[in-house]
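Heads up, run.cif below (mmCIF, C-alpha atoms and all ligand atoms):
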data_model
loop_
_atom_site.label_atom_id
_atom_site.label_comp_id
_atom_site.auth_asym_id
_atom_site.auth_seq_id
_atom_site.Cartn_x
_atom_site.Cartn_y
_atom_site.Cartn_z
CA MET A 1 87.75 -35.17 5.31
CA MET A 2 85.00 -33.17 3.65
CA LEU A 3 81.55 -34.10 4.88
CA GLY A 4 79.64 -32.11 2.31
CA SER A 5 79.97 -31.89 -1.40
CA ASP A 6 81.35 -29.08 -3.53
CA VAL A 7 79.84 -28.78 -7.00
CA SER A 8 80.87 -25.18 -7.58
CA GLY A 9 83.22 -26.27 -10.37
CA LEU A 10 80.17 -26.89 -12.57
CA THR A 11 78.69 -23.41 -12.22
CA THR A 12 77.19 -22.16 -15.47
CA THR A 13 78.21 -18.85 -16.96
CA PRO A 14 76.95 -17.47 -20.29
CA ALA A 15 80.41 -18.27 -21.65
CA ASN A 16 80.57 -21.96 -20.73
CA ALA A 17 76.90 -22.93 -21.15
CA ALA A 18 77.37 -23.95 -24.79
CA ALA A 19 80.22 -26.27 -23.82
CA GLN A 20 78.19 -27.84 -21.00
CA GLY A 21 75.34 -28.87 -23.30
CA LEU A 22 71.92 -30.32 -22.52
CA SER A 23 70.63 -33.87 -22.06
CA ILE A 24 66.90 -34.44 -22.42
CA VAL A 25 65.70 -37.48 -20.48
CA VAL A 26 62.43 -39.01 -21.70
CA PRO A 27 60.98 -42.06 -19.93
CA VAL A 28 58.80 -44.04 -22.30
CA TYR A 29 56.42 -46.82 -21.40
CA ASN A 30 54.25 -48.06 -24.25
CA GLU A 31 54.54 -44.82 -26.19
CA ALA A 32 55.06 -46.38 -29.64
CA ALA A 33 52.19 -44.45 -31.20
CA GLY A 34 53.62 -41.01 -30.52
CA LEU A 35 57.37 -41.59 -30.39
CA ASN A 36 58.23 -40.64 -33.98
CA GLU A 37 56.36 -37.39 -33.72
CA LEU A 38 57.92 -36.58 -30.36
CA HIS A 39 61.37 -37.16 -31.82
CA GLU A 40 60.56 -34.78 -34.69
CA ARG A 41 59.55 -32.11 -32.22
CA LEU A 42 62.68 -32.69 -30.14
CA SER A 43 64.83 -32.39 -33.26
CA THR A 44 63.23 -29.04 -34.08
CA LEU A 45 63.88 -27.99 -30.51
CA ALA A 46 67.54 -29.05 -30.73
CA ARG A 47 67.93 -27.02 -33.91
CA ARG A 48 66.55 -23.92 -32.24
CA LEU A 49 68.70 -24.42 -29.14
CA ARG A 50 71.75 -24.61 -31.36
CA GLN A 51 70.78 -21.42 -33.18
CA HIS A 52 69.88 -19.39 -30.13
CA PHE A 53 72.30 -20.59 -27.49
CA ARG A 54 74.91 -22.52 -29.53
CA LEU A 55 73.86 -25.39 -27.30
CA SER A 56 74.36 -28.97 -28.41
CA SER A 57 71.88 -31.46 -27.04
CA GLU A 58 71.21 -35.16 -26.72
CA VAL A 59 68.09 -37.10 -25.94
CA VAL A 60 68.06 -40.16 -23.69
CA TYR A 61 65.00 -42.37 -24.22
CA VAL A 62 64.55 -44.73 -21.32
CA ASP A 63 62.34 -47.62 -22.36
CA ASP A 64 60.76 -48.76 -19.13
CA GLY A 65 60.00 -52.34 -20.18
CA SER A 66 57.38 -51.44 -22.79
CA THR A 67 55.30 -54.27 -24.17
CA ASP A 68 54.56 -52.60 -27.52
CA ARG A 69 56.94 -51.55 -30.31
CA THR A 70 58.41 -48.60 -28.37
CA LEU A 71 61.93 -50.03 -28.20
CA GLU A 72 61.97 -51.02 -31.85
CA ILE A 73 60.90 -47.53 -32.91
CA ALA A 74 63.34 -45.87 -30.52
CA ARG A 75 66.22 -47.92 -31.97
CA GLY A 76 65.39 -46.60 -35.43
CA LEU A 77 65.29 -42.90 -34.52
CA LYS A 78 67.78 -40.73 -36.41
CA ALA A 79 70.45 -38.59 -34.80
CA ASP A 80 70.22 -35.75 -37.31
CA VAL A 81 70.42 -32.79 -35.00
CA LEU A 82 70.95 -34.26 -31.59
CA ASP A 83 72.65 -37.33 -30.13
CA VAL A 84 70.29 -40.17 -29.37
CA GLN A 85 70.72 -42.71 -26.59
CA VAL A 86 68.30 -45.54 -26.05
CA VAL A 87 68.46 -47.19 -22.65
CA SER A 88 66.22 -50.19 -22.33
CA LEU A 89 65.41 -51.47 -18.86
CA SER A 90 65.03 -55.18 -18.23
CA ARG A 91 61.40 -54.80 -17.12
CA ASN A 92 58.92 -52.14 -16.05
CA PHE A 93 60.54 -50.47 -13.04
CA GLY A 94 58.27 -47.42 -12.90
CA LYS A 95 58.75 -43.83 -13.94
CA GLU A 96 60.91 -42.77 -10.99
CA ALA A 97 63.44 -45.53 -11.71
CA ALA A 98 63.36 -44.65 -15.42
CA LEU A 99 64.15 -41.02 -14.60
CA ILE A 100 67.13 -42.09 -12.50
CA ALA A 101 68.37 -44.38 -15.27
CA GLY A 102 68.16 -41.39 -17.62
CA LEU A 103 70.01 -39.15 -15.19
CA ASP A 104 72.74 -41.77 -14.81
CA HIS A 105 73.20 -42.05 -18.57
CA ALA A 106 73.03 -38.35 -19.45
CA ARG A 107 76.37 -37.27 -20.89
CA ARG A 108 75.86 -33.54 -21.13
CA GLY A 109 75.92 -31.04 -18.30
CA ALA A 110 72.39 -29.79 -17.84
CA VAL A 111 69.54 -32.30 -17.65
CA MET A 112 65.97 -31.77 -18.79
CA PHE A 113 63.24 -34.25 -17.79
CA MET A 114 60.07 -34.59 -19.82
CA ASP A 115 57.29 -37.12 -20.42
CA GLY A 116 57.18 -39.16 -23.59
CA ASP A 117 53.47 -38.75 -24.23
CA GLY A 118 53.59 -35.21 -25.60
CA GLN A 119 52.02 -33.67 -22.50
CA HIS A 120 55.18 -31.70 -21.83
CA PRO A 121 55.53 -29.55 -24.95
CA PRO A 122 59.10 -29.51 -26.34
CA GLU A 123 58.40 -26.02 -27.72
CA PHE A 124 58.33 -24.80 -24.15
CA VAL A 125 61.84 -26.04 -23.35
CA GLU A 126 63.53 -23.08 -25.00
CA GLN A 127 62.04 -20.79 -22.39
CA LEU A 128 63.24 -23.08 -19.58
CA VAL A 129 66.73 -23.15 -21.08
CA SER A 130 66.84 -19.36 -21.20
CA HIS A 131 66.08 -19.25 -17.46
CA TRP A 132 69.09 -21.49 -16.94
CA ILE A 133 71.57 -19.81 -19.29
CA GLU A 134 70.44 -16.20 -19.19
CA GLY A 135 68.73 -16.07 -15.81
CA GLY A 136 71.36 -18.16 -14.02
CA TYR A 137 68.81 -20.49 -12.38
CA ASP A 138 69.73 -24.06 -11.39
CA VAL A 139 66.36 -25.71 -11.02
CA VAL A 140 63.70 -24.56 -13.45
CA TYR A 141 60.51 -26.41 -12.54
CA THR A 142 57.11 -26.16 -14.08
CA ALA A 143 53.68 -26.17 -12.51
CA LYS A 144 50.30 -26.62 -14.09
CA ALA A 145 48.85 -23.18 -14.75
CA ASN A 146 45.45 -24.28 -13.56
CA ARG A 147 43.77 -27.32 -12.09
CA ASP A 148 40.25 -26.37 -13.10
CA ASN A 149 39.60 -29.67 -14.84
CA GLU A 150 40.43 -31.70 -11.72
CA SER A 151 37.88 -32.72 -9.12
CA ILE A 152 37.68 -30.90 -5.80
CA LEU A 153 38.50 -34.14 -4.03
CA ARG A 154 41.72 -34.51 -5.97
CA ARG A 155 42.73 -30.91 -5.41
CA LEU A 156 42.03 -31.25 -1.69
CA SER A 157 44.10 -34.42 -1.42
CA VAL A 158 46.99 -32.78 -3.27
CA HIS A 159 46.77 -29.84 -0.90
CA GLY A 160 46.69 -32.09 2.15
CA PHE A 161 49.61 -34.14 0.88
CA TYR A 162 51.85 -31.10 0.47
CA ALA A 163 50.73 -29.61 3.77
CA LEU A 164 51.81 -32.84 5.48
CA ILE A 165 55.09 -33.30 3.63
CA ASN A 166 56.08 -29.66 4.13
CA TRP A 167 55.14 -29.66 7.79
CA GLY A 168 58.17 -28.39 9.64
CA ALA A 169 60.41 -28.80 6.60
CA ARG A 170 63.19 -26.29 6.10
CA GLN A 171 63.03 -26.48 2.32
CA LYS A 172 59.41 -26.61 1.24
CA ILE A 173 58.44 -28.67 -1.79
CA PRO A 174 56.38 -26.41 -4.01
CA GLU A 175 52.80 -27.55 -4.48
CA ASP A 176 51.82 -28.93 -7.91
CA ALA A 177 55.34 -28.82 -9.33
CA GLY A 178 55.64 -31.54 -11.96
CA ASP A 179 58.43 -33.76 -13.22
CA PHE A 180 58.88 -31.48 -16.25
CA ARG A 181 62.01 -29.66 -15.13
CA LEU A 182 65.50 -28.54 -16.01
CA LEU A 183 68.53 -29.01 -13.79
CA SER A 184 71.73 -27.06 -14.30
CA PRO A 185 74.97 -29.09 -14.38
CA ARG A 186 75.75 -28.42 -10.75
CA ALA A 187 72.19 -29.23 -9.64
CA ALA A 188 72.27 -32.46 -11.67
CA ALA A 189 75.61 -33.36 -10.09
CA ALA A 190 74.14 -32.73 -6.65
CA LEU A 191 71.11 -34.91 -7.39
CA ARG A 192 73.37 -37.73 -8.60
CA GLN A 193 75.17 -37.76 -5.27
CA LEU A 194 72.12 -38.60 -3.17
CA PRO A 195 72.66 -42.21 -2.09
CA GLU A 196 69.12 -43.33 -1.27
CA ARG A 197 67.26 -45.90 -3.30
CA ASN A 198 63.75 -44.81 -2.52
CA ARG A 199 63.69 -41.54 -4.29
CA PHE A 200 60.94 -39.01 -4.39
CA PHE A 201 62.20 -37.11 -7.33
CA LYS A 202 60.20 -33.88 -6.99
CA GLY A 203 61.08 -33.62 -3.34
CA LEU A 204 64.80 -34.24 -3.80
CA ALA A 205 65.07 -31.83 -6.74
CA SER A 206 63.79 -29.14 -4.44
CA TRP A 207 65.72 -30.32 -1.36
CA ILE A 208 69.10 -29.79 -3.05
CA GLY A 209 68.50 -26.03 -3.05
CA PHE A 210 70.39 -23.71 -5.43
CA ARG A 211 68.54 -21.00 -7.32
CA GLN A 212 65.09 -22.29 -8.21
CA ILE A 213 62.37 -20.76 -10.32
CA ARG A 214 58.81 -21.76 -11.05
CA VAL A 215 57.33 -21.45 -14.54
CA ASP A 216 53.64 -22.01 -15.20
CA TYR A 217 52.56 -23.98 -18.22
CA GLU A 218 49.48 -25.55 -19.69
CA PRO A 219 49.98 -29.32 -20.12
CA ALA A 220 48.81 -30.61 -23.48
CA PRO A 221 46.25 -33.41 -23.54
CA ARG A 222 47.75 -36.89 -23.82
CA GLU A 223 48.27 -37.63 -27.51
CA HIS A 224 47.22 -41.25 -27.36
CA GLY A 225 46.36 -43.92 -24.83
CA VAL A 226 45.51 -43.27 -21.19
CA SER A 227 47.53 -42.18 -18.20
CA THR A 228 49.17 -45.02 -16.31
CA PHE A 229 48.68 -43.21 -13.03
CA ASN A 230 45.29 -44.08 -11.57
CA PHE A 231 44.11 -43.28 -8.06
CA VAL A 232 45.72 -46.30 -6.43
CA ARG A 233 49.12 -45.64 -8.05
CA LEU A 234 48.97 -41.99 -7.10
CA LEU A 235 48.15 -42.98 -3.53
CA GLY A 236 51.11 -45.37 -3.57
CA LEU A 237 53.37 -42.64 -4.91
CA SER A 238 52.15 -40.25 -2.21
CA ILE A 239 52.85 -42.71 0.60
CA GLU A 240 56.22 -43.45 -0.98
CA GLY A 241 56.96 -39.73 -1.23
CA LEU A 242 55.85 -38.96 2.27
CA THR A 243 57.72 -41.75 4.00
CA SER A 244 60.90 -41.47 1.98
CA PHE A 245 61.01 -37.76 2.43
CA SER A 246 59.62 -36.68 5.70
CA VAL A 247 59.06 -37.95 9.21
CA ALA A 248 55.88 -35.88 9.46
CA PRO A 249 53.61 -38.96 9.78
CA LEU A 250 55.70 -40.23 12.71
CA ARG A 251 55.50 -36.86 14.39
CA PHE A 252 51.80 -36.77 13.69
CA ALA A 253 51.52 -40.18 15.38
CA SER A 254 53.31 -39.04 18.52
CA LEU A 255 51.26 -35.86 18.62
CA LEU A 256 48.02 -37.80 18.31
CA GLY A 257 49.20 -40.12 21.09
CA VAL A 258 49.84 -37.15 23.36
CA LEU A 259 46.44 -35.66 22.50
CA LEU A 260 44.58 -38.91 23.19
CA ALA A 261 46.43 -39.47 26.44
CA SER A 262 45.67 -35.93 27.60
CA ALA A 263 42.01 -36.34 26.69
CA ALA A 264 41.86 -39.60 28.64
CA PHE A 265 43.56 -37.97 31.61
CA LEU A 266 41.09 -35.07 31.62
CA PHE A 267 38.20 -37.48 31.28
CA GLY A 268 39.51 -39.43 34.27
CA LEU A 269 39.77 -36.25 36.31
CA SER A 270 36.22 -35.28 35.41
CA ILE A 271 34.94 -38.68 36.58
CA LEU A 272 36.79 -38.33 39.86
CA TRP A 273 35.33 -34.88 40.27
CA GLU A 274 31.83 -36.18 39.65
CA VAL A 275 32.23 -39.03 42.14
CA PHE A 276 33.50 -36.71 44.82
CA THR A 277 30.99 -33.92 44.31
CA THR A 278 27.78 -35.93 43.66
CA GLY A 279 28.77 -39.14 45.38
CA LYS A 280 27.10 -41.37 42.76
CA GLN A 281 28.86 -44.10 40.78
CA VAL A 282 29.42 -43.21 37.13
CA PRO A 283 28.22 -46.02 34.77
CA GLY A 284 31.27 -47.18 32.83
CA TYR A 285 30.35 -49.39 29.87
CA PRO A 286 29.84 -46.91 27.01
CA SER A 287 32.84 -44.74 27.81
CA LEU A 288 34.97 -47.86 28.29
CA VAL A 289 34.07 -49.32 24.93
CA VAL A 290 34.50 -46.02 23.08
CA GLY A 291 37.84 -45.48 24.75
CA LEU A 292 39.06 -48.99 23.94
CA MET A 293 38.01 -48.75 20.32
CA THR A 294 39.58 -45.35 19.80
CA ILE A 295 42.88 -46.39 21.34
CA GLY A 296 42.86 -49.72 19.49
CA GLY A 297 42.18 -48.10 16.12
CA VAL A 298 44.71 -45.36 16.57
CA GLN A 299 47.35 -47.88 17.65
CA LEU A 300 46.77 -49.98 14.54
CA ILE A 301 47.14 -46.94 12.29
CA MET A 302 50.32 -45.91 14.05
CA ILE A 303 51.81 -49.39 13.79
CA GLY A 304 51.04 -49.20 10.07
CA ILE A 305 52.86 -45.89 9.75
CA VAL A 306 55.89 -47.18 11.63
CA GLY A 307 55.74 -50.28 9.43
CA GLU A 308 56.02 -48.12 6.30
CA TYR A 309 59.26 -46.71 7.62
CA ILE A 310 60.60 -50.11 8.60
CA GLY A 311 59.84 -51.30 5.07
CA LYS A 312 61.81 -48.34 3.75
CA ILE A 313 64.77 -49.16 5.98
CA LEU A 314 64.64 -52.77 4.79
CA SER A 315 64.73 -51.83 1.13
CA GLU A 316 67.60 -49.37 1.71
CA LEU A 317 69.44 -52.10 3.61
CA LYS A 318 69.00 -54.64 0.84
CA ALA A 319 70.59 -52.07 -1.46
CA ARG A 320 69.30 -53.62 -4.65
CA PRO A 321 70.00 -51.79 -7.89
CA ILE A 322 67.20 -49.42 -8.81
CA TYR A 323 67.09 -50.69 -12.40
CA PHE A 324 68.84 -53.05 -14.81
CA VAL A 325 69.74 -51.93 -18.29
CA ALA A 326 69.15 -54.74 -20.75
CA GLU A 327 70.22 -52.88 -23.85
CA HIS A 328 71.94 -49.58 -24.52
CA SER A 329 72.70 -47.82 -27.78
CA ALA A 330 74.11 -44.38 -28.52
CA LYS A 331 74.20 -42.52 -31.81
CA GLN A 332 76.22 -39.39 -32.25
CA CYS A 333 74.64 -36.72 -34.36
CA GLU A 334 76.37 -36.23 -37.70
CA GLY A 335 77.15 -32.55 -37.17
CA GLU A 336 78.76 -33.47 -33.89
CA ALA A 337 80.73 -36.36 -35.31
CA GLU A 338 82.03 -34.08 -38.05
CA ALA A 339 83.08 -31.42 -35.54
CA ALA A 340 84.74 -34.02 -33.32
CA HIS A 341 86.52 -35.47 -36.35
CA GLN A 342 87.84 -32.04 -37.35
CA ALA A 343 88.98 -31.35 -33.81
CA ASN A 344 90.82 -34.69 -33.79
CA GLU A 345 92.53 -33.92 -37.07
CA ARG A 346 93.57 -30.54 -35.75
CA THR A 347 95.12 -32.03 -32.60
CA ALA A 348 96.81 -34.73 -34.70
CA ALA A 349 98.32 -32.07 -36.98
CA GLU A 350 99.70 -30.06 -34.08
N1 LIG B 1 56.10 -44.05 -17.63
C1 LIG B 1 57.19 -44.88 -17.40
N2 LIG B 1 57.00 -46.02 -16.65
C2 LIG B 1 55.80 -46.35 -16.11
C3 LIG B 1 54.71 -45.47 -16.33
C4 LIG B 1 54.90 -44.33 -17.08
O1 LIG B 1 58.29 -44.63 -17.86
O2 LIG B 1 55.71 -47.38 -15.47
C5 LIG B 1 56.28 -42.83 -18.44
C6 LIG B 1 55.28 -42.65 -19.55
O3 LIG B 1 55.72 -43.27 -20.73
C7 LIG B 1 55.22 -41.14 -19.70
C8 LIG B 1 55.48 -40.65 -18.30
O4 LIG B 1 56.10 -41.72 -17.59
O5 LIG B 1 56.27 -40.67 -20.55
C9 LIG B 1 54.21 -40.17 -17.62
O6 LIG B 1 53.26 -41.19 -17.61
P1 LIG B 1 51.71 -40.92 -17.76
O7 LIG B 1 51.44 -40.04 -18.93
O8 LIG B 1 51.05 -42.25 -17.75
O9 LIG B 1 51.38 -40.16 -16.41
P2 LIG B 1 50.70 -38.72 -16.17
O10 LIG B 1 50.98 -37.85 -17.37
O11 LIG B 1 49.28 -38.99 -15.96
O12 LIG B 1 51.39 -38.22 -14.94
MG MG B 2 51.09 -38.09 -19.24
#
Would you mind giving the structure from this file in C-alpha cells?
Ligand code: UDP
Ligand code: MG
Amino acid sequence: MMLGSDVSGLTTTPANAAAQGLSIVVPVYNEAAGLNELHERLSTLARRLRQHFRLSSEVVYVDDGSTDRTLEIARGLKADVLDVQVVSLSRNFGKEAALIAGLDHARRGAVMFMDGDGQHPPEFVEQLVSHWIEGGYDVVYTAKANRDNESILRRLSVHGFYALINWGARQKIPEDAGDFRLLSPRAAAALRQLPERNRFFKGLASWIGFRQIRVDYEPAPREHGVSTFNFVRLLGLSIEGLTSFSVAPLRFASLLGVLLASAAFLFGLSILWEVFTTGKQVPGYPSLVVGLMTIGGVQLIMIGIVGEYIGKILSELKARPIYFVAEHSAKQCEGEAEAAHQANERTAAE
C-alpha cells in the first residue's frame, strides 16, 4: 500500500506542454459590468498563448451565486479562441469554495487562477506561463510589487499573521502572495488530492512543494464596484487560515500558560522571601485581584482558540460538500472542435 502520492507522470516537458493545455479559473461574484471586457482580454491572451507556446486553453467561470446579470452574461460568452465553461453555484459559497469548484471542473492540465474584476491583468499571464513551460516551475505565484497604498496597521497585521502561521512551519507560506497563480499539471493534481474541507488555498498551494517561483506584479485598480473583502471578512479569513493550517495558536496558548505559571511561581517565591527576611505580612488584595483577572482572561482566550479548532473538527466530521453546482455549461472552441473532428475522421479512415 502506498501512503503517499506519485504525480510524476504529469511532469511537464517543453515537448508535452502543448498537449497538457491550460485551464483559467475565474471566480465571479456580481461582476456583470466587467465580464464581457474580461472575456475579450482572455481571448486575446488565448490567441497569444496558442501562437507562442502552441498551447490550447479554456476558461472556467465560476459564478458564485451572483445576484446581478453575471450568469446571464457568462452564458452568452463566445468560445472563439478558447473553450468556455460556466459553472454556476447554487448560492454564494465564498471565493475559496468557488476556486475549488473551478479546480474540480478544469479539464486541461495546468491551472491558472485569477480574479474576475480585472485586478489580475490577463496580459501578465503569458509571463507566468513561460515560467511554467520554459522555466520548468510548478507553482508560479504572484505578489504585490508594493504595498505603499495600504495603511501601516494593515501591513503590520499582515506581517503578524504570516509570522504566526509560519512559526515553526517546515514549508513557509510566502508573505503577501496572492491568489493569482499558476499550477503545473502535477501541482494541480497534488492540490486536488488534499482531502480537507476547510481549505486555505494560499497555504496549501505552497505546502504541496515542487518548484515554486515568485513574480512581482502591480495589481490594477478594480474596474467597477468595490471589494467584497472588508476588515471583518479579512479577519475571518485569517482566523480560518490560521486554524486550518497551523497549530501555532495552540502552541502559543501552551507557551503563555507556562509563562504565566512561572511568573506566578516566582512571585510566590518572592513573597515567601519577603515574609522570611522582613517578618511582616504582605498585603494581598491588589496582587490577588490582578492575578485572578489575568488568569481568567487568558483562560477565556485560550478556550476560544481551542473552540476554533473544535469547530474545524466538527465541520470536517460533517463532511458536507464544499459547493453545489446548480448549472453547468461547456462550449468547445470552434478551432478545437474542427481539429477534434479531423482527428476523428482520420482515426475512422484508418
Ligand atoms: N468573489 C467570489 N465570491 C465571493 C466574493 C468574491 O467569487 O463571495 C470573487 C470576485 O468576483 C472576484 C474575486 O473573488 O473575482 C476577488 O474579490 P474582490 O475583488 O472582492 O476581493 P479583493 O480583490 O479585494 O481581494
Ligand atoms: Mg479584487
Checklist line | Distance query Gln193 (chain A) at most 12 Å, all atoms listed in the file, self and fewer than 3 positions along chain excluded, as a list in words | finding: Gly4, Ser5, Asp6, Val7, Ile100, Leu103, Asp104, Arg186, Ala187, Ala188, Ala189, Ala190, Glu196, Arg197, Leu204, Ala205 and Ile208 of chain A
Checklist line | Nearest to ligand MG 2 (chain B), chosen from A:Val84, A:Val25, A:Ala220, A:Val215, with all atoms listed in the file counted in the distances | finding: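 Answer, going by the shortest atom-to-atom distance: A:Ala220.
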Check: To one decimal place, how far is CA of Asp68 (chain A) from CA of Asn30 (chain A) in Å?
Finding: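 Calculated distance between CA of Asp68 (chain A) and CA of Asn30 (chain A) is 5.6 Å.
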Next item on the list: Grab me every residue within 7 Å of ligand MG 2 (chain B), counting all atoms listed in the file, and send it over as a PyMOL selection string.
Entry: chain A and resi 115+117+119+222+227
Next item on the list: For CA of Gly76 (chain A) and CA of Gly116 (chain A), determine how far apart the two atoms are, in Å to one decimal place.
Entry: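 About the pair CA of Gly76 (chain A) and CA of Gly116 (chain A): they are 16.2 Å apart.
Taking all atoms listed in the file into account, ligand LIG 1 (chain B) has within 6 Å the residues Pro27, Val28, Tyr29, Glu31, Asp64, Asn92, Gly94, Lys95, Ala98, Asp115, Gly116, Asp117, Ser227, Thr228 and Phe229 of chain A.
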List the spatial neighbours of Val140 (chain A) as a PDB file with C-alpha atoms, keeping the file's coordinate frame - criterion: any atom at most 12 Å away, all atoms listed in the file, same-chain residues fewer than 5 positions off excluded.
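File produced: out04.pdb:
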ATOM      1  CA  ALA A 110      72.390 -29.790 -17.840  1.00  0.00           C
ATOM      2  CA  VAL A 111      69.540 -32.300 -17.650  1.00  0.00           C
ATOM      3  CA  MET A 112      65.970 -31.770 -18.790  1.00  0.00           C
ATOM      4  CA  PHE A 113      63.240 -34.250 -17.790  1.00  0.00           C
ATOM      5  CA  PHE A 124      58.330 -24.800 -24.150  1.00  0.00           C
ATOM      6  CA  VAL A 125      61.840 -26.040 -23.350  1.00  0.00           C
ATOM      7  CA  GLU A 126      63.530 -23.080 -25.000  1.00  0.00           C
ATOM      8  CA  GLN A 127      62.040 -20.790 -22.390  1.00  0.00           C
ATOM      9  CA  LEU A 128      63.240 -23.080 -19.580  1.00  0.00           C
ATOM     10  CA  VAL A 129      66.730 -23.150 -21.080  1.00  0.00           C
ATOM     11  CA  SER A 130      66.840 -19.360 -21.200  1.00  0.00           C
ATOM     12  CA  HIS A 131      66.080 -19.250 -17.460  1.00  0.00           C
ATOM     13  CA  TRP A 132      69.090 -21.490 -16.940  1.00  0.00           C
ATOM     14  CA  ILE A 133      71.570 -19.810 -19.290  1.00  0.00           C
ATOM     15  CA  GLY A 135      68.730 -16.070 -15.810  1.00  0.00           C
ATOM     16  CA  ALA A 177      55.340 -28.820  -9.330  1.00  0.00           C
ATOM     17  CA  GLY A 178      55.640 -31.540 -11.960  1.00  0.00           C
ATOM     18  CA  ASP A 179      58.430 -33.760 -13.220  1.00  0.00           C
ATOM     19  CA  PHE A 180      58.880 -31.480 -16.250  1.00  0.00           C
ATOM     20  CA  ARG A 181      62.010 -29.660 -15.130  1.00  0.00           C
ATOM     21  CA  LEU A 182      65.500 -28.540 -16.010  1.00  0.00           C
ATOM     22  CA  LEU A 183      68.530 -29.010 -13.790  1.00  0.00           C
ATOM     23  CA  SER A 184      71.730 -27.060 -14.300  1.00  0.00           C
ATOM     24  CA  ALA A 187      72.190 -29.230  -9.640  1.00  0.00           C
ATOM     25  CA  ALA A 188      72.270 -32.460 -11.670  1.00  0.00           C
ATOM     26  CA  LYS A 202      60.200 -33.880  -6.990  1.00  0.00           C
ATOM     27  CA  ALA A 205      65.070 -31.830  -6.740  1.00  0.00           C
ATOM     28  CA  SER A 206      63.790 -29.140  -4.440  1.00  0.00           C
ATOM     29  CA  GLY A 209      68.500 -26.030  -3.050  1.00  0.00           C
ATOM     30  CA  PHE A 210      70.390 -23.710  -5.430  1.00  0.00           C
ATOM     31  CA  ARG A 211      68.540 -21.000  -7.320  1.00  0.00           C
ATOM     32  CA  GLN A 212      65.090 -22.290  -8.210  1.00  0.00           C
ATOM     33  CA  ILE A 213      62.370 -20.760 -10.320  1.00  0.00           C
ATOM     34  CA  ARG A 214      58.810 -21.760 -11.050  1.00  0.00           C
ATOM     35  CA  VAL A 215      57.330 -21.450 -14.540  1.00  0.00           C
ATOM     36  CA  ASP A 216      53.640 -22.010 -15.200  1.00  0.00           C
TER      37      ASP A 216
END
Check: Nearest to Ala326 (chain A): which of A:Arg199, A:Ala143, A:His105, A:Arg91 is it, counting only C-alpha atoms?
Finding: A:Arg91
Next item on the list: Find the distance between CA of Gly296 (chain A) and CA of Gly241 (chain A) and write it in Å to one decimal.
Entry: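 Computed distance, CA of Gly296 (chain A) to CA of Gly241 (chain A), equals 27.0 Å.
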Next item on the list: Using all atoms listed in the file, determine which residues lie at most 8 Å from region 252-266 of chain A, disregarding the query and same-chain residues fewer than 3 positions distant; provide the list as a ChimeraX atom specification.
Entry: /A:248-249,269-270,295,302
Check: Which residues, written as a VMD selection string, have at least one atom at most 12 Å from Ser238 (chain A), with all atoms listed in the file counted and residues fewer than 6 positions away on the same chain left out?
Finding: chain A and resid 157 to 162 164 to 165 199 to 203 229 231 to 232 244 to 246
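Remark: for Leu82 (chain A), the closest of the candidate residues A:Ser8, A:Ser56, A:Asn166, A:Thr277 is A:Ser56 (distances computed over all atoms listed in the file).
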Please output region 111-122 of chain A, rebuilt to include N, CA and C atoms, as a short mmCIF file (atom, residue, chain, number, x, y, z; two decimals), keeping the file's coordinate frame.
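And here is the file that came out, selection-v6.cif:
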data_model
loop_
_atom_site.label_atom_id
_atom_site.label_comp_id
_atom_site.auth_asym_id
_atom_site.auth_seq_id
_atom_site.Cartn_x
_atom_site.Cartn_y
_atom_site.Cartn_z
N VAL A 111 70.46 -31.20 -17.38
CA VAL A 111 69.54 -32.30 -17.65
C VAL A 111 68.10 -31.80 -17.62
N MET A 112 67.37 -32.15 -18.68
CA MET A 112 65.97 -31.77 -18.79
C MET A 112 65.14 -33.04 -18.70
N PHE A 113 64.10 -33.07 -17.87
CA PHE A 113 63.24 -34.25 -17.79
C PHE A 113 61.89 -33.93 -18.42
N MET A 114 61.42 -34.80 -19.28
CA MET A 114 60.07 -34.59 -19.82
C MET A 114 59.39 -35.91 -20.17
N ASP A 115 58.06 -35.91 -20.13
CA ASP A 115 57.29 -37.12 -20.42
C ASP A 115 57.33 -37.45 -21.90
N GLY A 116 57.13 -38.71 -22.21
CA GLY A 116 57.18 -39.16 -23.59
C GLY A 116 55.83 -39.19 -24.27
N ASP A 117 54.80 -38.65 -23.63
CA ASP A 117 53.47 -38.75 -24.23
C ASP A 117 53.00 -37.43 -24.83
N GLY A 118 53.93 -36.47 -24.95
CA GLY A 118 53.59 -35.21 -25.60
C GLY A 118 52.89 -34.22 -24.69
N GLN A 119 52.71 -34.59 -23.41
CA GLN A 119 52.02 -33.67 -22.50
C GLN A 119 52.93 -32.52 -22.08
N HIS A 120 54.23 -32.77 -22.14
CA HIS A 120 55.18 -31.70 -21.83
C HIS A 120 55.70 -31.16 -23.16
N PRO A 121 55.20 -30.02 -23.60
CA PRO A 121 55.53 -29.55 -24.95
C PRO A 121 57.01 -29.19 -25.12
N PRO A 122 57.70 -29.82 -26.09
CA PRO A 122 59.10 -29.51 -26.34
C PRO A 122 59.32 -28.03 -26.70
#
